[in-house]
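Heads up: the structure comes next, in structure tokens.
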Amino acid sequence: MMLAALLALGGETYLSKEEALRLVFPNGEAVVERWVDLDADVHRALEERCGVSPARVQLYVGHRDGRIAGYAMILREITKTLPATFIVGVDAAGVVTEVAVLSHEEHIGGECRKERFLRQFDGTSAGSNFKVGGGGGLLPMSGATMSCNAVARAVRRTAALVKLQFVDRPANAAALLRQEPARRKKFLMGSFCEIAAEADPAVIEKAFDAVKRVEKAISNYDEASELSRLHRERSLEAGPDLLAFVADSLRLSKETAGAFDPTVAPLVRLWGFKDGKHRVPADAEVEAARKAVGMSRVAVDGRRVALPEGVELDPGAIGKGQGVDAAVAVLRAAGVTRAFVDFGSTVFALGRWPVELRDPFAEGKSLGVVILENEALSTSGGYEKFFEKDGRTYGHILDPRTGRPADRAAGASVVAATAAESDALSTAVYVTGRIPEGRSALVVRPDRSVEVAEPLRAKFRRAGE
Ligand code: AMP
Ligand code: MG
């Protein structure tokens with residue numbers, strides 16, 4: 001009864017979505033649907049001009065011969081108490097070409113769909129006067145002022161959005177027509193590396209070549225690597241990748257007061273994490289191996305790197321990060337602005353990408369999502385590689401100060417400008433259970449509590465919140 005009465009009162013549908021799109025793109029243009037994350041400043045400007053606006057919008061892009069013909073948005077606006085749906089079409093230069101009403105739920109005000117009112121929007125743009133009546137730029141339909149206002153709001157917002165996000169920023173417009181990113185996957189540095197990029201796949205191959213180049217320099221599994229040669233010869237003139245590894249390691253081990261320290265190599269071997277023959281060493285063995293630990297033992301003079309006898313470097317906690325940075329450098333040099341380099345525990349987002357963090361206590365369960373933008377994220381966890389002996393678990397990340405598996409964290413994630421940094425720091429936060437001052441990071445403690453450092457809070461959303 002109630003429903004029948006409502007239906008009788010109004011609620012007219014005039015056009016389907018397909019019909020509306022054909023009105024906006026009448027010349028056989030191809031139309032693609034896109035979801036767009038507005039640039040932060042564009043979103044702010046829209047909120048200021050047009051009131052509360054979504055940061056992510058759905059739009060339709062008409063194109064022909066690889067060029068954008070125009071944009072269409074379908075908007076729902078409240079007229080009096082019920083919504084109406086409008087389509088607004090804007091050409092590639094930001095000029096309004098079409099406005100039509102798809103549905104109007106309120107039983108009065110439907111006259112806003114009359115041509116006499118709607119044609120007034122033709123040729124308007126972001127700078128136009130969209131005020132209806134009272135000396136404004138638009139004459140209302142009598143008896144339909146609220147609905148006319150709602151149409152004007154929709155047109156005004158669409159015109160402003162298209163102008164700010166696309167007309168003023170041609171790179172954003174070009175990105176709309178790009179195909180899905182190309183994806184390639186390769187086994188490198190002992191794990192799979194996947195690169196997705198809005199780029200020619202040949203560029204992705206070059207990015208992989210850069211990762212291979214870094215691997216060739218700093219692998220501790222490849223006898224022919226430059227690092228293996230350093231371990232044999234004790235002193236050499238290092239190439240740029242080996243030198244970067246040593247310099248970054250010196251800097252980051254200093255920042256973390258030695259929690260991250262690649263000279264843990266003899267300890268990693270002692271516990272059997274290098275060859276997979278896991279064992280719990282005797283205290284005396286741990287003490288003996290600890291004697292060779294400490295980055296301050298590594299000497300750098302210009303390009304010459306020297307290691308005292310017994311000192312050895314394990315690139316495991318920073319190498320993939322360095323590989324990711326090398327790949328990103330190739331992508332950037334090729335002008336790529338949207339790509340995701342995924343090395344599992346270390347990733348880099350060119351452009352804006354959401355990344356899910358796993359709950360260290362439950363495989364397949366999410367801890368939350370981090371929104372990355374032109375930055376790297378690394379995660380360290382004891383669950384990645386560990387062994388069990390006599391009911392105890394021993395993780396692969398060692399505390400250089402005790403020579404034993406670190407146990408102050410269950411997982412640690414760090415966001416940083418470079419992947420080498422995020423990689424080294426996530427290992428350090430895992431070791432200490434503490435986040436260095438000013439760093440964008442979170443740590444999951446063994447008691448399952450989660451600390452999110454202030455700089456990360458704006459980018460992280462906890463699962464279920
Ligand atoms: P990640 O997964 O990036 O935290 O790196 C862990 C790997 O780095 C281990 O598998 C070891 O090869 C090595 N490693 C273990 N403990 C440390 C440490 N405290 N500092 C630097 N490297 C470490
Ligand atoms: Mg690391």
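So you can find residues: chains in the structure tokens are A, B, ... in the order shown, residues in each start at 1, and ligands are numbered from 1 in order.
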
Exercise. For ligand 1, collect every residue having any atom at a distance of at most 7 Å from a ligand atom (counting only C-alpha atoms and all ligand atoms); output as a PyMOL selection string.
Key: chain A and resi 259-262+264+268+273-274+314-318+345+380-381+396-400+423-424+426-428+431

Practice problem: Name the residues in contact with A:Ile87 at a cut-off of 6 Å, using only C-alpha atoms, excluding same-chain residues fewer than 3 positions from it; report them as a PyMOL selection string. | Solution: chain A and resi 73-74+99-100

Selection to disk with N, CA and C atoms, as a compact mmCIF listing (two decimals), in the first residue's frame:
# COMPACT_ATOMS: atom_id res chain seq x y z
N MET A 73 29.86 12.60 -16.72
CA MET A 73 29.67 12.12 -15.35
C MET A 73 28.19 11.99 -15.10
N ILE A 74 27.84 10.95 -14.37
CA ILE A 74 26.45 10.77 -13.98
C ILE A 74 26.38 11.06 -12.49
N VAL A 99 23.55 18.26 -21.16
CA VAL A 99 23.05 17.98 -19.81
C VAL A 99 21.70 17.31 -20.00
N ALA A 100 21.50 16.19 -19.32
CA ALA A 100 20.21 15.51 -19.43
C ALA A 100 19.84 14.90 -18.09

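Closest approach to ligand 2 among A:Val347, A:Leu46, A:Ala326, A:Ala420 is made by A:Ala420 (distances from only C-alpha atoms and all ligand atoms).
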
At a cut-off of 6 Å, using only C-alpha atoms, what residues contact stretch 111-121 of chain A? Leave out same-chain residues fewer than 6 positions from it and give the result as a PDB file with C-alpha atoms, in the first residue's frame.
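Result file is around.pdb:
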ATOM      1  CA  VAL A 101      18.047  14.125 -16.657  1.00  0.00           C
ATOM      2  CA  SER A 147      15.494  20.783  -9.140  1.00  0.00           C
ATOM      3  CA  CYS A 148      17.026  23.431 -11.391  1.00  0.00           C
TER       4      CYS A 148
END

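The coordinates place atom CA of A:Ser125 at 23.5 Å from atom CA of A:Ala30.
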
Can you list, as a compact mmCIF listing (two decimals) with N, CA and C atoms, in the first residue's frame, every protein, DNA or RNA residue that comes within 9 Å of A:Val300 when you count only C-alpha atoms, leaving out same-chain residues fewer than 6 positions away?
# COMPACT_ATOMS: atom_id res chain seq x y z
N LEU A 243 79.20 -0.17 -4.14
CA LEU A 243 79.50 1.00 -3.33
C LEU A 243 78.22 1.56 -2.68
N VAL A 246 77.27 -0.60 0.27
CA VAL A 246 78.11 -0.37 1.46
C VAL A 246 77.79 0.99 2.09
N ALA A 247 77.65 2.02 1.24
CA ALA A 247 77.41 3.36 1.78
C ALA A 247 76.05 3.43 2.49
N ALA A 306 87.23 -1.99 2.01
CA ALA A 306 88.11 -3.01 2.60
C ALA A 306 87.44 -3.65 3.80

Exercise. Mind checking which residues fall within 12 Å of A:Gly190, counting only C-alpha atoms, ignoring those fewer than 6 positions away in the same chain, and posting them as number ranges by chain?
Key: A: 211-212, 215, 219-222, 274, 315-316, 319-320, 323, 343-344

Exercise. Using backbone DSSP assignments, extract all helix (DSSP H, G or I) residues from stretch 198-250 of chain A; output them as JSON, numbers by chain.
Key: {"A": [201, 202, 203, 204, 205, 206, 207, 208, 209, 210, 211, 212, 213, 214, 215, 216, 217, 218, 226, 227, 228, 229, 230, 231, 232, 233, 240, 241, 242, 243, 244, 245, 246, 247, 248, 249, 250]}

Would you output that residue set with C-alpha atoms, as a PDB file, in the first residue's frame?
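This went into out_12.pdb:
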ATOM      1  CA  PRO A 201      56.895  -3.915 -21.825  1.00  0.00           C
ATOM      2  CA  ALA A 202      60.401  -3.319 -23.195  1.00  0.00           C
ATOM      3  CA  VAL A 203      60.852  -0.696 -20.480  1.00  0.00           C
ATOM      4  CA  ILE A 204      59.871  -3.259 -17.863  1.00  0.00           C
ATOM      5  CA  GLU A 205      62.495  -5.633 -19.258  1.00  0.00           C
ATOM      6  CA  LYS A 206      65.086  -2.889 -18.868  1.00  0.00           C
ATOM      7  CA  ALA A 207      63.975  -2.389 -15.280  1.00  0.00           C
ATOM      8  CA  PHE A 208      64.526  -6.123 -14.645  1.00  0.00           C
ATOM      9  CA  ASP A 209      67.978  -5.796 -16.213  1.00  0.00           C
ATOM     10  CA  ALA A 210      68.783  -3.154 -13.603  1.00  0.00           C
ATOM     11  CA  VAL A 211      67.740  -5.540 -10.818  1.00  0.00           C
ATOM     12  CA  LYS A 212      69.951  -8.231 -12.376  1.00  0.00           C
ATOM     13  CA  ARG A 213      72.840  -5.785 -12.494  1.00  0.00           C
ATOM     14  CA  VAL A 214      72.455  -5.087  -8.751  1.00  0.00           C
ATOM     15  CA  GLU A 215      72.196  -8.810  -8.051  1.00  0.00           C
ATOM     16  CA  LYS A 216      75.369  -9.443 -10.036  1.00  0.00           C
ATOM     17  CA  ALA A 217      77.146  -6.849  -7.869  1.00  0.00           C
ATOM     18  CA  ILE A 218      75.927  -7.698  -4.359  1.00  0.00           C
ATOM     19  CA  GLU A 226      81.550  -8.367  -6.921  1.00  0.00           C
ATOM     20  CA  LEU A 227      80.637  -8.913  -3.256  1.00  0.00           C
ATOM     21  CA  SER A 228      81.957 -12.488  -3.386  1.00  0.00           C
ATOM     22  CA  ARG A 229      85.168 -11.130  -4.871  1.00  0.00           C
ATOM     23  CA  LEU A 230      85.390  -8.603  -2.028  1.00  0.00           C
ATOM     24  CA  HIS A 231      84.992 -11.451   0.452  1.00  0.00           C
ATOM     25  CA  ARG A 232      87.872 -13.287  -1.218  1.00  0.00           C
ATOM     26  CA  GLU A 233      90.194 -10.378  -1.903  1.00  0.00           C
ATOM     27  CA  PRO A 240      78.548   1.869  -8.201  1.00  0.00           C
ATOM     28  CA  ASP A 241      76.123  -0.824  -7.023  1.00  0.00           C
ATOM     29  CA  LEU A 242      78.462  -2.435  -4.494  1.00  0.00           C
ATOM     30  CA  LEU A 243      79.498   1.003  -3.327  1.00  0.00           C
ATOM     31  CA  ALA A 244      75.860   2.070  -2.902  1.00  0.00           C
ATOM     32  CA  PHE A 245      75.187  -1.076  -0.866  1.00  0.00           C
ATOM     33  CA  VAL A 246      78.111  -0.372   1.457  1.00  0.00           C
ATOM     34  CA  ALA A 247      77.407   3.364   1.783  1.00  0.00           C
ATOM     35  CA  ASP A 248      73.680   2.884   2.467  1.00  0.00           C
ATOM     36  CA  SER A 249      74.469   0.119   4.936  1.00  0.00           C
ATOM     37  CA  LEU A 250      76.902   2.343   6.828  1.00  0.00           C
TER      38      LEU A 250
END

Exercise. Check the DSSP output for the backbone and give back, as JSON, numbers by chain, the residues of stretch 84-248 of chain A in strand (DSSP E or B).
Key: {"A": [84, 85, 86, 87, 88, 89, 90, 91, 96, 97, 98, 99, 100, 101, 102, 103, 104, 132, 138, 182, 183, 184, 185, 186, 187, 188, 191, 192, 193, 194, 195, 196, 197, 235, 236, 237]}

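Distance check against A:Tyr383 using only C-alpha atoms: of A:Gly395, A:Pro455, A:Gly127, A:Gly143, the minimum falls on A:Gly395.
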
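Pairwise distance (atom CA of A:Leu38, atom CA of A:Leu59) equals 11.5 Å.
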
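Across A:Ala417, A:Leu252, A:Leu367, A:Val328, the tightest approach to ligand 2 is made by A:Leu252 when counting only C-alpha atoms and all ligand atoms.
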
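The closest residue to ligand 2, picked from A:Ala334, A:Val452, A:Leu377, A:Val311 and counting only C-alpha atoms and all ligand atoms, is A:Leu377.
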